[in-house]
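Student: Have a look at this one.
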Amino acid sequence: MSVTLSPSAAKHVANFIAKRGKGVGIRLGVRTSGCSGMAYKLEFVDEQQAEDMVFESHGVKVIVDPKSLPYIDGTELDFVREGLNEGFKFNNPNVKDECGCGESFNV
Amino acid sequence: MALLQIAEPGLSAEPHKHRLAVGIDLGTTNSLVATVRNGIAVCLADESGRTMLPSAVRYLADGGIVVGSAALQAQALDPRNTVVSVKRFMGRGLKDVAHIEAVPYDFEDAPGMVRLRTVQGPKTPVEVSAEILRPLRLRAEASLGGELTGAVITVPAYFDDAQRQATKDAATLAGINVLRLLNEPTAAAVAYGLDNAAEGVYAVYDLGGGTFDLSILKLSRGVFEVLSTNGDAALGGDDFDHRLFCWMLDKACISPPDAADARRLQMKAREVKELLTSCEQAPVKVKLSSGEEIDLVITRDDFAEMTRHLVQKTLAPVRKALRDAGLTVEDIKGVVMVGGATRMPHIQRAVAEYFRQEPLTNLDPDKVVALGAAMQANVLAGNRADEDDWLLLDVIPLSLGLETMGGLVERVVPRNSTLPIARAQEFTTFKDGQTAMAFHVVQGERELVSDCRSLARFELRGIPPMVAGAARIRVTFQVDADGLLSVSAREMSSGVEASVLVKPSYGLSDDEIAGMLRAGVEHAGDDMQARALREQQVEAGRVVEATEQALAKDGQLLNEQERAEIEAAIARLRELARGQDHRAIKTGIDALARATDEFAARRMDNSIRAALAGQKVDEIEV
């Protein structure tokens with residue numbers, strides 16, 4: 001079981017944490033909401049929880065809560081540019097279908 | 001698919017509920033848009049990677065509109081239809097515009113605000129500003145992948161109500177929801193204060209394209225408080241360009257150039273100024289439309305020398321702001337430099353000498369304001385955790401007050417009060433049976449209404465008739481977080497009410513704010529004299545009126561000689577009140593009081609006798 005970052009995503013996350021001045025890593029997760037069932041969570045982590053699963057990817061700590069893990073296991077988080085817009089993208093092999101915008105999905 | 005940004009812990013947005021907020025620095029020369037992404041404030045770039053959008057708008061004959069560098073490039077070809085530095089005209093009447101002879105526009109003085117005649121018809125500065133804001137909004141929406149929740153737009157601290165309202169109107173016209181207007185120096189402090197997390201008192205020296213602001217700010221435990229602000233609404237980098245422009249005309253012996261040449265020379269002046277920041281000397285080569293060529297060389301020292309008075313001019317507001325805050329140079333922990341013009345080495349040197357320390361320049365002086373605005377927008381849009389909440393206190397730049405009898409100003413909200421603020425003060429009637437009261441709201445530091453800026457007038461009617469001084473009229477001044485004012489008046493016994501929202505008259509003022517502040521200090525002595533004079537004149541009028549009423553009612557109590565004496569004293573006082581000597585008037589008032597002592601005593605006896613007449617002693621309750 002694992003969740004990884006692409007080299008580009010790792011570089012950006014490390015950079016953002018450094019500029020933010022605090023944070024031990026990044027949290028990937030899901031919660032039940034949104035138009036097609038599940039929605040992604042992407043947050044800075046200041047304090048790790050006891051039950052958290054921690055993966056290391058390109059020197060960045062990736063933190064996932066155990067309930068979210070089954071939904072995003074095998075995901076690679078990528079950093080991409082689309083025109084003027086730039087941001088993170090979940091490449092999640094578990095997804096069966098997602099809403100048009102991709103912000104929520106079903107497994 | 002939508003691209004995600006990293007949120008603060010626990011603050012991931014619901015799908016489709018991202019609160020996209022930006023900060024916009026709507027500058028005289030350049031405008032920028034910034035946002036907080038992945039926890040960091042960044043300026044957003046256009047397709048070519050440029051963050052600064054020149055604040056230039058060109059109106060084309062075919063109905064098209066070009067904004068930014070493309071407009072700026074066409075400036076020399078089409079000066080009348082290419083509007084630059086429009087911020088100087090925001091909320092301003094024709095007579096308020098400085099250096100009008102050097103501006104190649106065709107102005108039309110409309111009630112309230114100037115209009116510029118272009119090939120697409122007359123345009124107000126609000127419409128031109130909206131054209132600058134629109135591409136910034138589109139850029140932000142393309143960069144953030146969604147519609148904006150709102151924006152924080154920055155304005156110079158010295159913008160008055162008219163100018164602030166004009167800025168808000170421009171944003172609305174561009175389809176932007178304004179979360180808040182924020183003073184530029186305050187935004188800069190936000191950018192610096194958060195990034196450096198340093199506590200203490202700071203000075204923000206902001207020399208932009210068209211405005212100079214100096215603010216004294218206190219940063220403590222994450223709270224920003226503006227202790228005082230001062231500045232000059234008509235001094236900026238443009239003036240340095242203008243000085244170079246005049247130097248070129250002078251050196252090349254050119255009589256007033258045509259519009260196209262004027263543009264060409266002004267652009268050259270700006271270019272030379274920027275070059276002198278990094279080089280010791282710069283060539284000045286311009287080909288005029290006549291085919292004539294200017295070929296000069298200018299050194300950094302020459303430039304520093306010819307603009308020294310401009311640099312000095314910035315130091316007077318610095319001194320005043322320090323004095324207003326009750327501080328000295330030693331109390332200032334750091335000096336923040338804002339605005340592209342602060343890159344000029346001789347400005348940095350002058351500031352360093354004055355404050356006896358090197359100014360902070362670690363953030364890009366062109367970007368700090370937009371970055372700070374973006375941070376504020378992020379908070380207002382609700383994208384930050386409660387524990388990080390910080391409060392931002394702003395101040396009003398000029399005192400607000402009411403006109404009272406004799407054309408004097410009663411200050412209700414003193415300048416440098418923190419915003420938002422509500423202040424109430426009670427006023428009363430001046431005459432018996434007075435049923436209406438006129439309110440005149442003014443802004444400024446002078447004692448006489450005629451020297452302050454008139455903001456609004458309104459009337460309170462339906463006051464129940466009472467003797468003078470018995471009515472209690474409560475006047476409430478309220479200034480919201482954007483610095484916009486509403487005033488209401490309420491008669492306390494009957495509850496009748498009237499109010500006015502200071503929907504500004506778009507700058508019909510004759511004095512500009514910096515000048516008003518300066519005048520307030522320079523004329524402090526005169527003002528005191530003037531106030532004393534008016535007070536005595538009002539008092540003299542009141543005493544004369546009261547005496548005449550008494551003579552009309554109880555004149556039979558006096559013999560002819562006594563009556564003649566009192567009338568002579570009245571005539572003397574009337575004469576004195578027309579003069580300029582408040583002490584003489586006071587003497588006259590005292591003289592009339594002495595002359596009427598006996599008369600007053602007799603009237604008193606008389607009214608007591610009248611009250612007691614026909615009553616038995618035991619009927620009187622003691």
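Chain labels A, B, ... are given in the sequence in which chains occur in the structure tokens; within each chain residues are numbered consecutively from 1, and ligands are likewise numbered from 1 in the order shown.
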Excluding range 18-25 of chain A and any residue of its chain fewer than 2 positions from it, enumerate the residues within 9 Å of it, using only C-alpha atoms, and give them as a ChimeraX atom specification.

Tutor: /A:13-16,27,43-48,60-63 /B:38-40,195

Student: Would you give me, as a PyMOL selection string, the residues of chain B that come within 6 Å of chain A, using only C-alpha atoms?

Tutor: chain B and resi 1-9+12+15+142-144

Student: Running DSSP on the backbone, which parts of range 42-89 of chain A land in strand (DSSP E), as a ChimeraX atom specification?

Tutor: /A:42-45,53-57,60-64,76-82,85-89

Student: Take CA of Lys285 in chain B and CA of Val297 in chain B and report the distance between them in Å, one decimal.

Tutor: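 Atom-to-atom, CA of Lys285 in chain B to CA of Val297 in chain B, that is 8.4 Å.
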
Student: Skipping near chain neighbours, those fewer than 6 positions away, what residues fall within 12 Å of Pro79 in chain B using only C-alpha atoms, listed as an MDAnalysis selection string?

Tutor: chainID B and resid 56:60 71:73 102:106 116:119 258:264 266:267

Student: Determine, counting only C-alpha atoms, which protein, DNA and RNA residues have an atom within 7 Å of an atom of range 21-28 of chain B; residues of the same chain fewer than 2 positions away are not included. Present the result as a ChimeraX atom specification.

Tutor: /B:19,30-35,55,85-87,148-154,209-210,369-371,373-374,377-378,381

Student: Set the distance at 6 Å and use only C-alpha atoms: which residues neighbour range 279-281 of chain B once local chain neighbours fewer than 4 positions away are removed? I'd like the list as a VMD selection string.

Tutor: chain B and resid 275 298 to 300

Student: What's around Ala436 in chain B at 6 Å? Count only C-alpha atoms, leave out sequence neighbours fewer than 5 positions away in its own chain, and write the answer as an NGL selection string.

Tutor: :B and (460-461 or 463)

Student: Could you tell me, as a ChimeraX atom specification, which residues of chain A DSSP assigns to helix (DSSP H, G or I) when given the backbone?

Tutor: /A:7-20,69-72

Student: Rounded to one decimal place, report the CA of Thr172 in chain B-CA of Thr124 in chain B distance in Å.

Tutor: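 Between CA of Thr172 in chain B and CA of Thr124 in chain B the gap is 14.3 Å.
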
Student: Mind checking which residues fall within 9 Å of Met53 in chain A, counting only C-alpha atoms, ignoring those fewer than 3 positions away in the same chain, and posting them as number ranges by chain?

Tutor: A: 49-50, 62-66, 69
